[in-house]
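Participant: So I've got this file, work-v8.csv, and it contains CSV, C-alpha atoms:
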chain,number,residue,atom,x,y,z
B,1,MET,CA,-96.2,-54.3,-30.4
B,2,ILE,CA,-98.5,-56.9,-28.9
B,3,GLY,CA,-101.1,-58.9,-30.7
B,4,THR,CA,-104.3,-58.1,-28.8
B,5,ALA,CA,-105.0,-55.8,-25.9
B,6,VAL,CA,-108.1,-56.5,-23.8
B,7,ILE,CA,-109.4,-53.7,-21.6
B,8,GLY,CA,-111.3,-54.9,-18.5
B,9,ALA,CA,-110.8,-58.0,-16.4
B,10,GLY,CA,-114.4,-58.8,-15.6
B,11,PRO,CA,-115.9,-62.1,-16.8
B,12,ALA,CA,-116.0,-61.0,-20.5
B,13,GLY,CA,-112.5,-59.6,-20.6
B,14,CYS,CA,-110.9,-62.5,-18.7
B,15,ALA,CA,-112.7,-65.1,-20.9
B,16,ALA,CA,-111.5,-63.3,-24.0
B,17,ALA,CA,-107.9,-63.1,-22.8
B,18,ILE,CA,-107.8,-66.8,-21.7
B,19,ALA,CA,-109.2,-68.0,-25.0
B,20,LEU,CA,-106.9,-65.8,-27.0
B,21,ALA,CA,-103.8,-66.9,-25.0
B,22,ARG,CA,-104.8,-70.6,-25.4
B,23,ALA,CA,-105.0,-70.1,-29.1
B,24,GLY,CA,-101.4,-68.8,-29.2
B,25,GLU,CA,-102.2,-65.1,-29.4
B,26,GLU,CA,-99.9,-62.7,-27.7
B,27,VAL,CA,-102.4,-60.9,-25.4
B,28,LEU,CA,-102.3,-58.3,-22.7
B,29,LEU,CA,-105.3,-57.9,-20.2
B,30,LEU,CA,-105.5,-54.5,-18.6
B,31,GLU,CA,-107.6,-53.7,-15.5
B,32,ARG,CA,-107.7,-50.6,-13.5
B,33,GLN,CA,-108.7,-52.3,-10.2
B,34,ALA,CA,-105.7,-53.8,-8.4
B,35,ALA,CA,-107.8,-56.7,-7.0
B,36,ALA,CA,-111.1,-58.3,-7.7
B,37,ARG,CA,-114.0,-56.8,-5.7
B,38,GLU,CA,-117.8,-57.0,-5.5
B,39,SER,CA,-119.9,-55.3,-8.2
B,40,VAL,CA,-123.6,-54.8,-8.7
B,41,CYS,CA,-124.8,-58.2,-9.9
B,42,GLY,CA,-127.5,-60.8,-9.2
B,43,GLU,CA,-124.7,-63.4,-8.8
B,44,PHE,CA,-126.9,-66.1,-10.5
B,45,LEU,CA,-125.0,-68.7,-12.7
B,46,GLY,CA,-127.2,-70.8,-14.9
B,47,ASP,CA,-126.3,-73.9,-16.8
B,48,ASP,CA,-124.9,-71.9,-19.8
B,49,ALA,CA,-122.7,-69.8,-17.6
B,50,ALA,CA,-121.4,-72.9,-15.7
B,51,ARG,CA,-120.6,-74.6,-19.0
B,52,ALA,CA,-118.7,-71.5,-20.2
B,53,LEU,CA,-116.7,-71.4,-17.0
B,54,ARG,CA,-115.9,-75.1,-17.2
B,55,ALA,CA,-114.5,-74.5,-20.7
B,56,LEU,CA,-112.1,-72.0,-19.1
B,57,GLY,CA,-111.1,-74.6,-16.5
B,58,LEU,CA,-113.3,-73.3,-13.6
B,59,ASP,CA,-116.1,-75.1,-11.8
B,60,PRO,CA,-118.7,-73.1,-9.8
B,61,SER,CA,-118.8,-75.7,-7.0
B,62,ALA,CA,-115.0,-75.7,-6.6
B,63,LEU,CA,-115.1,-71.9,-6.4
B,64,GLY,CA,-117.6,-72.1,-3.4
B,65,GLY,CA,-120.8,-71.6,-5.4
B,66,VAL,CA,-124.1,-72.5,-3.6
B,67,PRO,CA,-126.1,-74.9,-5.7
B,68,LEU,CA,-129.6,-73.6,-6.5
B,69,HIS,CA,-132.4,-76.1,-7.0
B,70,ARG,CA,-135.5,-74.1,-6.9
B,71,ALA,CA,-137.0,-70.7,-7.9
B,72,ARG,CA,-139.6,-68.6,-6.1
B,73,VAL,CA,-141.7,-65.6,-7.2
B,74,ALA,CA,-143.1,-63.5,-4.4
B,75,TRP,CA,-145.7,-60.8,-4.8
B,76,ARG,CA,-147.7,-58.9,-2.2
B,77,GLY,CA,-147.4,-61.5,0.5
B,78,GLN,CA,-147.9,-64.5,-1.8
B,79,ALA,CA,-145.3,-66.8,-3.3
B,80,ALA,CA,-145.1,-69.6,-5.9
B,81,GLU,CA,-142.2,-72.0,-6.0
B,82,PHE,CA,-140.9,-74.5,-8.6
B,83,ALA,CA,-137.9,-76.7,-9.4
B,84,LEU,CA,-135.3,-75.2,-11.7
B,85,PRO,CA,-135.1,-77.2,-14.9
B,86,PHE,CA,-131.3,-76.9,-15.0
B,87,PRO,CA,-128.3,-76.8,-12.6
B,88,ALA,CA,-127.6,-73.3,-11.2
B,89,TRP,CA,-125.3,-71.7,-8.6
B,90,ALA,CA,-125.0,-68.6,-6.5
B,91,LEU,CA,-121.5,-67.2,-6.6
B,92,PRO,CA,-120.3,-63.7,-5.4
B,93,ARG,CA,-118.6,-61.6,-8.1
B,94,ARG,CA,-115.5,-61.1,-5.9
B,95,LEU,CA,-115.0,-64.9,-5.9
B,96,LEU,CA,-115.8,-65.3,-9.6
B,97,ASP,CA,-113.7,-62.4,-10.8
B,98,GLY,CA,-110.8,-63.5,-8.6
B,99,ALA,CA,-110.8,-67.0,-10.0
B,100,LEU,CA,-111.0,-65.7,-13.6
B,101,ARG,CA,-108.1,-63.3,-12.9
B,102,ALA,CA,-106.0,-66.2,-11.5
B,103,ALA,CA,-106.9,-68.3,-14.6
B,104,ALA,CA,-105.7,-65.4,-16.9
B,105,GLY,CA,-102.3,-65.6,-15.2
B,106,ASP,CA,-99.4,-63.6,-16.5
B,107,VAL,CA,-101.3,-61.9,-19.3
B,108,LEU,CA,-103.1,-59.7,-16.6
B,109,ARG,CA,-101.8,-56.3,-15.6
B,110,ALA,CA,-103.9,-55.2,-12.7
B,111,GLY,CA,-103.9,-51.6,-11.4
B,112,VAL,CA,-103.4,-50.1,-14.9
B,113,THR,CA,-105.9,-47.5,-16.1
B,114,VAL,CA,-106.4,-47.1,-19.8
B,115,LEU,CA,-106.8,-43.4,-20.5
B,116,GLY,CA,-107.6,-43.6,-24.2
B,117,ALA,CA,-107.2,-45.7,-27.3
B,118,ALA,CA,-107.1,-44.6,-31.0
B,119,PRO,CA,-106.5,-46.4,-34.2
B,120,ARG,CA,-103.4,-45.2,-36.2
B,121,ASP,CA,-101.3,-46.7,-38.9
B,122,GLY,CA,-103.0,-50.1,-38.8
B,123,ALA,CA,-102.7,-50.5,-35.0
B,124,TRP,CA,-104.2,-49.4,-31.7
B,125,HIS,CA,-102.4,-46.8,-29.7
B,126,LEU,CA,-103.3,-47.0,-26.0
B,127,ARG,CA,-102.5,-44.4,-23.4
B,128,THR,CA,-102.3,-46.0,-19.9
B,129,SER,CA,-101.2,-45.1,-16.4
B,130,ALA,CA,-98.2,-47.4,-17.0
B,131,GLY,CA,-97.2,-45.8,-20.3
B,132,ASP,CA,-98.1,-46.2,-24.0
B,133,ILE,CA,-99.0,-49.6,-25.5
B,134,LEU,CA,-99.2,-50.6,-29.1
B,135,ALA,CA,-101.6,-53.4,-30.2
B,136,ARG,CA,-102.7,-54.8,-33.5
B,137,ARG,CA,-106.2,-55.6,-32.1
B,138,LEU,CA,-108.3,-54.2,-29.3
B,139,VAL,CA,-111.1,-55.9,-27.2
B,140,LEU,CA,-113.1,-53.5,-25.2
B,141,ALA,CA,-114.6,-55.3,-22.2
B,142,SER,CA,-115.0,-52.4,-19.7
B,143,GLY,CA,-118.7,-53.1,-18.9
B,144,LYS,CA,-120.7,-50.1,-17.9
B,145,HIS,CA,-117.5,-47.9,-17.9
B,146,ALA,CA,-117.0,-46.0,-21.2
B,147,LEU,CA,-113.5,-45.5,-22.6
B,148,ARG,CA,-112.7,-42.0,-23.7
B,149,GLY,CA,-113.5,-41.6,-27.4
B,150,HIS,CA,-115.6,-44.8,-27.4
B,151,PRO,CA,-118.9,-43.9,-25.6
B,152,ARG,CA,-121.4,-46.6,-24.5
B,153,THR,CA,-125.0,-46.7,-25.7
B,154,PRO,CA,-126.9,-45.0,-22.8
B,155,ALA,CA,-128.7,-47.3,-20.4
B,156,ARG,CA,-132.4,-47.0,-19.6
B,157,PRO,CA,-132.9,-43.4,-18.3
B,158,GLY,CA,-133.4,-43.1,-14.6
B,159,ALA,CA,-132.6,-46.7,-13.7
B,160,VAL,CA,-130.3,-47.4,-10.7
B,161,GLY,CA,-128.8,-50.8,-9.9
B,162,VAL,CA,-128.4,-51.6,-6.2
B,163,LYS,CA,-126.9,-54.6,-4.4
B,164,LEU,CA,-126.7,-55.5,-0.7
B,165,HIS,CA,-125.2,-58.5,1.0
B,166,LEU,CA,-127.5,-59.2,3.9
B,167,ALA,CA,-126.4,-61.0,7.1
B,168,GLY,CA,-129.0,-63.0,9.1
B,169,VAL,CA,-131.1,-63.7,6.0
B,170,GLU,CA,-131.3,-67.3,4.8
B,171,ALA,CA,-132.5,-67.7,1.2
B,172,GLY,CA,-132.1,-71.5,1.2
B,173,GLN,CA,-131.0,-73.2,-2.1
B,174,ALA,CA,-133.3,-71.1,-4.2
B,175,VAL,CA,-133.4,-67.9,-6.2
B,176,THR,CA,-136.3,-65.6,-5.3
B,177,LEU,CA,-137.7,-63.0,-7.7
B,178,LEU,CA,-139.5,-60.0,-6.2
B,179,PRO,CA,-141.3,-58.0,-8.9
B,180,PHE,CA,-142.5,-54.5,-8.3
B,181,ALA,CA,-143.7,-51.6,-10.5
B,182,GLY,CA,-141.1,-51.0,-13.2
B,183,GLY,CA,-138.6,-53.8,-12.3
B,184,TYR,CA,-137.8,-56.7,-10.0
B,185,ALA,CA,-135.3,-57.7,-7.3
B,186,GLY,CA,-133.5,-61.0,-6.9
B,187,LEU,CA,-132.5,-62.7,-3.6
B,188,GLN,CA,-130.3,-65.7,-3.3
B,189,PRO,CA,-127.9,-67.3,-0.8
B,190,LEU,CA,-124.3,-66.5,-0.1
B,191,PRO,CA,-121.6,-69.0,0.6
B,192,GLY,CA,-121.3,-69.3,4.4
B,193,GLY,CA,-124.7,-67.8,5.1
B,194,GLY,CA,-126.6,-64.6,4.4
B,195,ALA,CA,-128.1,-63.5,1.1
B,196,ASN,CA,-127.5,-61.2,-1.9
B,197,LEU,CA,-130.2,-58.8,-2.7
B,198,CYS,CA,-129.9,-57.0,-6.1
B,199,ALA,CA,-132.4,-54.9,-8.0
B,200,ALA,CA,-132.8,-52.5,-10.9
B,201,LEU,CA,-135.0,-49.6,-9.8
B,202,PRO,CA,-136.5,-47.0,-12.0
B,203,GLY,CA,-137.2,-43.3,-11.5
B,204,GLU,CA,-137.8,-42.1,-7.9
B,205,ALA,CA,-137.4,-45.6,-6.6
B,206,GLY,CA,-133.9,-45.6,-8.0
B,207,ALA,CA,-133.0,-42.3,-6.4
B,208,ALA,CA,-134.4,-43.5,-3.0
B,209,ALA,CA,-132.4,-46.7,-3.2
B,210,ARG,CA,-129.1,-44.8,-2.7
B,211,ASP,CA,-130.1,-45.1,1.0
B,212,PRO,CA,-130.0,-48.8,2.2
B,213,ALA,CA,-133.1,-48.5,4.4
B,214,ALA,CA,-135.1,-47.0,1.5
B,215,PHE,CA,-133.9,-49.8,-0.8
B,216,LEU,CA,-135.1,-52.5,1.6
B,217,ALA,CA,-138.5,-50.7,2.0
Once you've parsed the file, please lay out its structure as structure tokens.
Facilitator:
Amino acid sequence: MIGTAVIGAGPAGCAAAIALARAGEEVLLLERQAAARESVCGEFLGDDAARALRALGLDPSALGGVPLHRARVAWRGQAAEFALPFPAWALPRRLLDGALRAAAGDVLRAGVTVLGAAPRDGAWHLRTSAGDILARRLVLASGKHALRGHPRTPARPGAVGVKLHLAGVEAGQAVTLLPFAGGYAGLQPLPGGGANLCAALPGEAGAAARDPAAFLA
């Protein structure tokens, strides 16, 4: 039996596993994806997120983050711009999650799918693709993905999150907010050029956004 099992190696799961391991806990971090990859995310790291990463031994600049100094709000052909009152960075999730996985080290078991978890006899019994695991405590950090028997609270009905990495678009050292009816999009630079465009779209707009051209429109 291990002390704590953490399900999900995103930022929350990795941070929990790293902190527990540093405190002397026997911890096992389980992640179904074999390697870090992109996920739907605005990729904006504010001062609070940067401080949390540094506490884990990671620095946004060293990871390749683009420093952000300004913010813009654009609406119907007009824009307002102002200086950010705190340090911020743009960092793709593949880079962020990869660094967090590396920091977790040997406690991470990637490519292992948790099929279910149930409390029994004072412990958690986990069924996984690599066999059964017994843990005294369980941390569920699977994000939007529900674990069988432990459903998530439903998200806002009809909303769809969409993200595109755009080549040939230069966002400068700024985050740009693009409001529209029912939501907004965010645009910010990528390391090495290009930009990340991410939005939460409601209703019919969300359905149309499954097509990249409709999303950009």
Participant: Which residues are near stretch 18-24 of chain B? Cut-off 9 Å, only C-alpha atoms, ignore same chain within fewer than 4 positions. Put them as a list in words.
Facilitator: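 Residues near the query, excluding close chain neighbours: Thr4, Gly13, Cys14, Leu56, Leu100, Ala103, Ala104, Gly105 and Val107 of chain B.
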Participant: Please, could you write that set of residues out with C-alpha atoms as a PDB file, keeping the file's coordinate frame?
Facilitator:
ATOM      1  CA  THR B   4    -104.300 -58.100 -28.800  1.00  0.00           C
ATOM      2  CA  GLY B  13    -112.500 -59.600 -20.600  1.00  0.00           C
ATOM      3  CA  CYS B  14    -110.900 -62.500 -18.700  1.00  0.00           C
ATOM      4  CA  LEU B  56    -112.100 -72.000 -19.100  1.00  0.00           C
ATOM      5  CA  LEU B 100    -111.000 -65.700 -13.600  1.00  0.00           C
ATOM      6  CA  ALA B 103    -106.900 -68.300 -14.600  1.00  0.00           C
ATOM      7  CA  ALA B 104    -105.700 -65.400 -16.900  1.00  0.00           C
ATOM      8  CA  GLY B 105    -102.300 -65.600 -15.200  1.00  0.00           C
ATOM      9  CA  VAL B 107    -101.300 -61.900 -19.300  1.00  0.00           C
TER      10      VAL B 107
END
Participant: Mind checking which residues fall within 9 Å of stretch 38-50 of chain B, counting all atoms listed in the file, ignoring those fewer than 2 positions away in the same chain, and posting them as a PyMOL selection string?
Facilitator: chain B and resi 36+52-55+58-60+65+68+86-95+97+161-164+175+185-188+196-199
Participant: I'd like to know which of B:Gly98, B:Gly77, B:Gly143, B:Gly193 is closest to B:Arg37, using only C-alpha atoms.
Facilitator: B:Gly98
Participant: List the neighbours of B:Gly168 out to 12 Å using all atoms listed in the file; skip same-chain residues closer than 5 positions along the sequence, and give me the result as a PDB file with C-alpha atoms, in the coordinates of the input.
Facilitator:
ATOM      1  CA  PRO B 189    -127.900 -67.300  -0.800  1.00  0.00           C
ATOM      2  CA  LEU B 190    -124.300 -66.500  -0.100  1.00  0.00           C
ATOM      3  CA  GLY B 192    -121.300 -69.300   4.400  1.00  0.00           C
ATOM      4  CA  GLY B 193    -124.700 -67.800   5.100  1.00  0.00           C
ATOM      5  CA  GLY B 194    -126.600 -64.600   4.400  1.00  0.00           C
ATOM      6  CA  ALA B 195    -128.100 -63.500   1.100  1.00  0.00           C
ATOM      7  CA  ASN B 196    -127.500 -61.200  -1.900  1.00  0.00           C
TER       8      ASN B 196
END
Participant: What's around B:Ala12 at 10 Å? Count only C-alpha atoms, leave out sequence neighbours fewer than 2 positions away in its own chain, and write the answer as a PyMOL selection string.
Facilitator: chain B and resi 6-10+14-17+100+139-143
Participant: From the set B:Val114, B:Leu84, B:Val160, B:Val27, which residue has the shortest atom-to-atom contact distance to B:Ala71, counting all atoms listed in the file?
Facilitator: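 Of B:Val114, B:Leu84, B:Val160, B:Val27, the one nearest B:Ala71 is B:Leu84, counting all atoms listed in the file.
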Participant: Rounded to one decimal place, report the atom CA of B:Glu25-atom CA of B:Ala117 distance in Å.
Facilitator: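 Atom-to-atom, atom CA of B:Glu25 to atom CA of B:Ala117, that is 20.1 Å.
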Participant: Quick one: residues within 9 Å of B:Ala5, all atoms listed in the file counted, chain neighbours fewer than 5 positions away excluded, as JSON, numbers by chain?
Facilitator: {"B": [17, 26, 27, 28, 29, 30, 124, 126, 133, 134, 135, 136, 137, 138, 139, 140]}
Participant: In Å, rounded to a single decimal, give me how far atom CA of B:Thr113 is from atom CA of B:Ala130.
Facilitator: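 Separating atom CA of B:Ala130 from atom CA of B:Thr113 is a distance of 7.8 Å.
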Participant: Quote the spacing between atom CA of B:Glu31 and atom CA of B:Ala110 in Å to one decimal place.
Facilitator: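 If I compute the distance from atom CA of B:Glu31 to atom CA of B:Ala110, I get 4.9 Å.
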Participant: Counting only C-alpha atoms, which of B:Ala200, B:Leu147, B:Leu96, B:Ala102 gets nearest to B:Gly116?
Facilitator: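 Between B:Ala200, B:Leu147, B:Leu96, B:Ala102, the residue approaching B:Gly116 most closely is B:Leu147.
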Participant: So, counting all atoms listed in the file, which residue among B:Thr176, B:Gly3, B:Ala123, B:Leu201 is closest to B:Ala159?
Facilitator: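 Closest to B:Ala159 of all the choices is B:Leu201.
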Participant: So which one's closest to B:Ala35, B:Gly111, B:Pro202, B:Pro212, B:Pro151? Using all atoms listed in the file, please.
Facilitator: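 Residue with the minimum atom-to-atom distance to B:Ala35: B:Gly111.
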